[in-house]
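*Asks:* Handing you a structure now.
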Amino acid sequence: MARLMDIFLEMTAEAIWSILEFAFYPLLILLSVVIILAGCGCSVGIRQLYVKVLLIVFEWGREKIREKEERRESNEVEPEPVANGVHVIEREIELNSKGTIVRKKLERLESITQTSEFQLHDALDFFKCGIESIIEDEVTQRFSAAELASWNLLTRTNTYHQFISYRLTTLWFIGFFLRYFILFPFRLILIAFAIISLITGNTILGYLKAGVVKRWLTYRLHVTCMRLGSRAFSAVIRFHDKENKAKGGGICVANHTSPIDIIILGCDNMYAMVGQQQGGLFGAIQKGFSRAESHIWFQRSEVKDREAVARRLKEHVSDINKLPILIFPEGTCINNTSIMMFKKGSFEVGSTIYPVAIKYDSRFADPFWNSSQENFAKHLINILSSWAIVVDVWYLPPQTQREGESSVQFANRVKSYIAERGGLVDLNWDGGLKRAKPKPQMMQKQQEDFSRRLKTD
Amino acid sequence: MGSKASVLLQDEELIDIENKTGFSGNQINRLYSRFTCLDKGSKGYLSREDFLRIPELAINPLGERIIQSFFAENTEGVNFKNFMKVLATFRPISREKTTAADELNNRQAKLRFAFNMYDIGNDNEITREELLAVLHMMVGTNISEEQLASIVDRTLAEADFDHDDKIGWDDFEKVMQKVDVEQKMSIRFLN
């Protein structure tokens, strides 16, 4: 795999060089047009058209696959409805994260207050929901790529559909060539250009005297570079309800799918970023950013110190001239089908919360970064060689903590708004389960719950 | 390309599993993609760790025992066929035709699964210690040792028909006679 990757990168580098050699001037003109368009936030409509064409092609491919499958299974039962496509079973009994057995669709609902003597068959519920969770569970499936109802001519998704018919194979091959040998090199140049401009721009602006001019320039620089970057994914972003856009002194919270969320949101507003001080390329970008505007980077030692984090955040939001903070309270990337537990930290600061729901159209690319399986470079290559990033961003009305509401309740309330707006499944599980095992306390909750229903003398 | 590209099963394999377990081809393919998803590192089998990565199973008080049921035949890892065999136990009992696959999911087989859950030593009888151990898993530290002992006493008194201080297979069948095993140990598989 690593070798293949090397060969691929080498070929890409060669392709870039040959393009530069033959088409330097046309490229230069193209690049400047793109920059000017990004700068003023205009679009000629090429990407929108491109996305429309893609949809027509996908639809054709879907027809072909269906025809083929129907022919193959003509003497079998009717093909499964698409709505059920993702489910193998219908869950009837579930353990939830709070320590209760949830029964779905069962007529005999046992009330928890009623205790009964232990019977050998009491354990059957645990067996059944254990096996059910092995077949299908709420959490692990959120950490792997969401399944598509129809194939989008990318090898990464679904099964090996490309060998289903000659015409489809040809189409897939043309798409492959287009994505890897035309789009990818151009996009790589564009995103590299965006990153370099952002870093150098920030460095230069860092030397300016603080004031209105500097702030305006930094804002323009950021938004322009983010738009350039977003064009490298052929992003079509639809922002809704812009009047709710985050303002200084507030915290913007959003669901998290991939680091490119930052670029998407950055196309329409500038945010102060919060994160751990990194090394390498990211570290360099972070330093550049901080010279021009106030971002919040924590040292590794500080991250664990909740009070220090809260203090820094409070300090920042108390000045309404500073940028609104952007936080992803899930703390990890989820595959954009659901939203998981919000860490309460950002809801304890006491500032206005500006919720944002981000929903990607996964037909054009899988935006999910499975950080436990692939590194960021690989993820970036995946995105850059996909068709496009089509995404809806909803700005929700700003929220403040209600009287008598705990920060956890507040976090859950905001989460449910985002879930509803973005059409995401609202889960209470901790996204940290992607890497870590559930805490033993969670099993103890189940045991407590069971014991409460047991009659003891 | 990692676990995402789930290679379809070979046709013969598919038909073999279809015949043995009674699942439809479509269900088997879907369960296979679940299997490959759980199989971290594409080993071709599932380890205990793979199972424990499902949070809902990890917090199941009897999760340990349930995982053990997959490892009954071999201790190394669970391949797809063995995986399917255990899942087949939880297929609903079909009323019309009986096939070879029904041996895996009839009332007897479902009860066997439950019995084996208690029978930790796998010697075809549930001893006082085994019953206590399973109870311990279910209640944790929420019920005192004396109370647990009295629960075990009472359960044994009710279930031990041949008075040998153990629950044998026959005892177990008798005590579960009135339980709707069909409903409690069947999962609604979609087509």
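Ligands are numbered from 1 in the order shown, residues from 1 within each chain, and chains are lettered A, B, ... in the order they appear in the structure tokens.
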Return the neighbours of chain B among the residues of chain A, cut-off 6 Å, counting only C-alpha atoms, as a list in words.
*Replies:* Val88, Ile89, Glu90, Lys128, Gly130, Thr159, Met443, Gln447 and Ser451 of chain A
*Asks:* Kindly give the distance, in Å, that separates CA of Ile334 (chain A) and CA of Arg142 (chain A), rounded to a single decimal.
*Replies:* 5.9 Å
*Asks:* Run DSSP on the backbone and give me the residues of region 112-185 of chain B it puts in alpha helix (DSSP H), as an NGL selection string.
*Replies:* :B and (112-118 or 128-139 or 145-159 or 169-175 or 181-184)
*Asks:* Counting only C-alpha atoms, what is within 7 Å of region 288-301 of chain A, bar same-chain residues fewer than 6 positions away, as a PyMOL selection string?
*Replies:* chain A and resi 199+202-203+205-206+218+272-277
*Asks:* Tell me which protein, DNA and RNA residues are within 9 Å of region 18-25 of chain B, counting only C-alpha atoms, leaving out same-chain ones fewer than 4 positions away, and put them as a ChimeraX atom specification.
*Replies:* /B:13-14,29-30,84-85,87-89,91,99-105,191
*Asks:* As a PyMOL selection string, please: the residues near region 392-396 of chain A (cut-off 12 Å, only C-alpha atoms, same-chain neighbours under 5 positions excluded).
*Replies:* chain A and resi 235-247+252-255+261-262+264-269+336+353-362+414-423
*Asks:* Quick one: residues within 8 Å of Ala146 (chain A), only C-alpha atoms, excluding same-chain residues fewer than 5 positions away - as a PDB file with all heavy atoms, in the first residue's frame?
*Replies:*
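Written out: around_18.pdb:
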ATOM      1  N   GLN A 141     -20.792   1.910  13.854  1.00  0.00           N
ATOM      2  CA  GLN A 141     -21.092   2.216  12.455  1.00  0.00           C
ATOM      3  C   GLN A 141     -20.943   3.704  12.149  1.00  0.00           C
ATOM      4  O   GLN A 141     -20.867   4.090  10.987  1.00  0.00           O
ATOM      5  CB  GLN A 141     -22.472   1.707  12.074  1.00  0.00           C
ATOM      6  CG  GLN A 141     -23.580   2.307  12.898  1.00  0.00           C
ATOM      7  CD  GLN A 141     -24.954   1.817  12.447  1.00  0.00           C
ATOM      8  OE1 GLN A 141     -25.066   1.065  11.513  1.00  0.00           O
ATOM      9  NE2 GLN A 141     -25.994   2.268  13.118  1.00  0.00           N
ATOM     10  N   ASN A 335     -19.055  10.144  11.112  1.00  0.00           N
ATOM     11  CA  ASN A 335     -19.260  10.005   9.668  1.00  0.00           C
ATOM     12  C   ASN A 335     -20.419  10.809   9.080  1.00  0.00           C
ATOM     13  O   ASN A 335     -20.911  10.498   8.008  1.00  0.00           O
ATOM     14  CB  ASN A 335     -19.350   8.535   9.270  1.00  0.00           C
ATOM     15  CG  ASN A 335     -20.681   7.928   9.669  1.00  0.00           C
ATOM     16  OD1 ASN A 335     -21.520   8.578  10.270  1.00  0.00           O
ATOM     17  ND2 ASN A 335     -20.889   6.667   9.329  1.00  0.00           N
ATOM     18  N   ASN A 336     -20.870  11.806   9.766  1.00  0.00           N
ATOM     19  CA  ASN A 336     -21.879  12.744   9.258  1.00  0.00           C
ATOM     20  C   ASN A 336     -23.291  12.151   9.163  1.00  0.00           C
ATOM     21  O   ASN A 336     -24.167  12.727   8.537  1.00  0.00           O
ATOM     22  CB  ASN A 336     -21.448  13.323   7.890  1.00  0.00           C
ATOM     23  CG  ASN A 336     -21.992  14.728   7.644  1.00  0.00           C
ATOM     24  OD1 ASN A 336     -22.594  15.008   6.627  1.00  0.00           O
ATOM     25  ND2 ASN A 336     -21.828  15.611   8.610  1.00  0.00           N
ATOM     26  N   THR A 337     -23.514  10.980   9.778  1.00  0.00           N
ATOM     27  CA  THR A 337     -24.874  10.474   9.826  1.00  0.00           C
ATOM     28  C   THR A 337     -25.492  10.750  11.196  1.00  0.00           C
ATOM     29  O   THR A 337     -26.686  10.650  11.367  1.00  0.00           O
ATOM     30  CB  THR A 337     -24.938   8.952   9.599  1.00  0.00           C
ATOM     31  OG1 THR A 337     -24.146   8.332  10.608  1.00  0.00           O
ATOM     32  CG2 THR A 337     -24.407   8.584   8.237  1.00  0.00           C
ATOM     33  N   ASP A 366     -16.846  11.047   0.131  1.00  0.00           N
ATOM     34  CA  ASP A 366     -17.028  10.719   1.535  1.00  0.00           C
ATOM     35  C   ASP A 366     -16.129  11.640   2.349  1.00  0.00           C
ATOM     36  O   ASP A 366     -14.916  11.494   2.327  1.00  0.00           O
ATOM     37  CB  ASP A 366     -16.657   9.257   1.781  1.00  0.00           C
ATOM     38  CG  ASP A 366     -16.763   8.911   3.242  1.00  0.00           C
ATOM     39  OD1 ASP A 366     -17.534   9.604   3.945  1.00  0.00           O
ATOM     40  OD2 ASP A 366     -16.097   7.975   3.689  1.00  0.00           O
TER      41      ASP A 366
END
*Asks:* Of the residues A:Leu183, A:Ile134, A:Leu154, A:Ile35, which is the one nearest to Ala15 (chain A), using only C-alpha atoms?
*Replies:*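 Checking each of A:Leu183, A:Ile134, A:Leu154, A:Ile35 against Ala15 (chain A), counting only C-alpha atoms, the winner is A:Leu183.
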*Asks:* Please measure the separation of CA of Lys209 (chain A) and CA of Met226 (chain A), giving the value in Å to one decimal.
*Replies:*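 Computing the Euclidean distance for CA of Lys209 (chain A) and CA of Met226 (chain A) yields 23.9 Å.
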*Asks:* Any chance you could list, as a PDB file with all heavy atoms, in the first residue's frame, the residues in chain B that come up strand (DSSP E) when DSSP is run on the backbone?
*Replies:*
ATOM      1  N   GLU B 125     -23.482 -29.011  33.023  1.00  0.00           N
ATOM      2  CA  GLU B 125     -24.301 -28.765  34.217  1.00  0.00           C
ATOM      3  C   GLU B 125     -23.939 -27.407  34.821  1.00  0.00           C
ATOM      4  O   GLU B 125     -22.800 -26.954  34.718  1.00  0.00           O
ATOM      5  CB  GLU B 125     -24.117 -29.885  35.243  1.00  0.00           C
ATOM      6  CG  GLU B 125     -22.670 -30.164  35.557  1.00  0.00           C
ATOM      7  CD  GLU B 125     -22.494 -31.456  36.340  1.00  0.00           C
ATOM      8  OE1 GLU B 125     -23.408 -32.306  36.311  1.00  0.00           O
ATOM      9  OE2 GLU B 125     -21.463 -31.608  36.998  1.00  0.00           O
ATOM     10  N   ILE B 126     -24.956 -26.778  35.393  1.00  0.00           N
ATOM     11  CA  ILE B 126     -24.730 -25.468  36.008  1.00  0.00           C
ATOM     12  C   ILE B 126     -24.596 -25.668  37.505  1.00  0.00           C
ATOM     13  O   ILE B 126     -25.552 -26.083  38.174  1.00  0.00           O
ATOM     14  CB  ILE B 126     -25.899 -24.513  35.700  1.00  0.00           C
ATOM     15  CG1 ILE B 126     -26.106 -24.393  34.181  1.00  0.00           C
ATOM     16  CG2 ILE B 126     -25.640 -23.136  36.300  1.00  0.00           C
ATOM     17  CD1 ILE B 126     -27.412 -23.730  33.799  1.00  0.00           C
ATOM     18  N   THR B 127     -23.405 -25.438  38.016  1.00  0.00           N
ATOM     19  CA  THR B 127     -23.197 -25.637  39.448  1.00  0.00           C
ATOM     20  C   THR B 127     -23.594 -24.372  40.199  1.00  0.00           C
ATOM     21  O   THR B 127     -23.839 -23.327  39.612  1.00  0.00           O
ATOM     22  CB  THR B 127     -21.720 -25.932  39.752  1.00  0.00           C
ATOM     23  OG1 THR B 127     -20.969 -24.794  39.325  1.00  0.00           O
ATOM     24  CG2 THR B 127     -21.226 -27.167  39.025  1.00  0.00           C
ATOM     25  N   LYS B 166     -27.240 -29.168  41.424  1.00  0.00           N
ATOM     26  CA  LYS B 166     -26.801 -28.614  40.148  1.00  0.00           C
ATOM     27  C   LYS B 166     -28.009 -28.525  39.237  1.00  0.00           C
ATOM     28  O   LYS B 166     -28.998 -29.237  39.441  1.00  0.00           O
ATOM     29  CB  LYS B 166     -25.779 -29.534  39.472  1.00  0.00           C
ATOM     30  CG  LYS B 166     -24.445 -29.604  40.157  1.00  0.00           C
ATOM     31  CD  LYS B 166     -23.672 -30.772  39.586  1.00  0.00           C
ATOM     32  CE  LYS B 166     -22.404 -31.003  40.413  1.00  0.00           C
ATOM     33  NZ  LYS B 166     -21.995 -32.385  40.379  1.00  0.00           N
ATOM     34  N   ILE B 167     -27.893 -27.663  38.219  1.00  0.00           N
ATOM     35  CA  ILE B 167     -28.946 -27.640  37.218  1.00  0.00           C
ATOM     36  C   ILE B 167     -28.420 -28.339  35.980  1.00  0.00           C
ATOM     37  O   ILE B 167     -27.523 -27.839  35.311  1.00  0.00           O
ATOM     38  CB  ILE B 167     -29.363 -26.187  36.873  1.00  0.00           C
ATOM     39  CG1 ILE B 167     -29.783 -25.447  38.155  1.00  0.00           C
ATOM     40  CG2 ILE B 167     -30.498 -26.179  35.854  1.00  0.00           C
ATOM     41  CD1 ILE B 167     -30.044 -23.983  37.947  1.00  0.00           C
ATOM     42  N   GLY B 168     -28.949 -29.503  35.724  1.00  0.00           N
ATOM     43  CA  GLY B 168     -28.557 -30.235  34.520  1.00  0.00           C
ATOM     44  C   GLY B 168     -29.370 -29.749  33.336  1.00  0.00           C
ATOM     45  O   GLY B 168     -30.259 -28.902  33.483  1.00  0.00           O
ATOM     46  N   ARG B 188     -35.212  -9.777  14.839  1.00  0.00           N
ATOM     47  CA  ARG B 188     -35.931  -9.498  13.585  1.00  0.00           C
ATOM     48  C   ARG B 188     -34.944  -9.186  12.472  1.00  0.00           C
ATOM     49  O   ARG B 188     -34.458  -8.060  12.367  1.00  0.00           O
ATOM     50  CB  ARG B 188     -36.869  -8.314  13.780  1.00  0.00           C
ATOM     51  CG  ARG B 188     -38.134  -8.651  14.559  1.00  0.00           C
ATOM     52  CD  ARG B 188     -38.950  -7.402  14.723  1.00  0.00           C
ATOM     53  NE  ARG B 188     -39.257  -6.824  13.420  1.00  0.00           N
ATOM     54  CZ  ARG B 188     -40.417  -6.993  12.813  1.00  0.00           C
ATOM     55  NH1 ARG B 188     -41.347  -7.704  13.371  1.00  0.00           N
ATOM     56  NH2 ARG B 188     -40.637  -6.433  11.647  1.00  0.00           N
ATOM     57  N   PHE B 189     -34.656 -10.167  11.663  1.00  0.00           N
ATOM     58  CA  PHE B 189     -33.777  -9.925  10.509  1.00  0.00           C
ATOM     59  C   PHE B 189     -34.609  -9.375   9.373  1.00  0.00           C
ATOM     60  O   PHE B 189     -35.708  -9.852   9.110  1.00  0.00           O
ATOM     61  CB  PHE B 189     -33.094 -11.225  10.077  1.00  0.00           C
ATOM     62  CG  PHE B 189     -31.989 -11.633  10.992  1.00  0.00           C
ATOM     63  CD1 PHE B 189     -32.214 -12.503  12.042  1.00  0.00           C
ATOM     64  CD2 PHE B 189     -30.716 -11.108  10.820  1.00  0.00           C
ATOM     65  CE1 PHE B 189     -31.188 -12.863  12.903  1.00  0.00           C
ATOM     66  CE2 PHE B 189     -29.687 -11.480  11.672  1.00  0.00           C
ATOM     67  CZ  PHE B 189     -29.926 -12.357  12.714  1.00  0.00           C
TER      68      PHE B 189
END
*Asks:* Pick from A:Phe364, A:Phe118, A:Trp60, A:Phe328: nearest to Ala149 (chain B), with only C-alpha atoms counted?
*Replies:*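 The answer is A:Phe118, which sits nearest to Ala149 (chain B).
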*Asks:* Which polymer residues have any atom within 10 Å of an atom of Asn96 (chain A), counting only C-alpha atoms, with same-chain residues fewer than 2 positions away left out, as a ChimeraX atom specification?
*Replies:* /A:93-94,98-102,138,427-429,442,446 /B:55-56,59-60
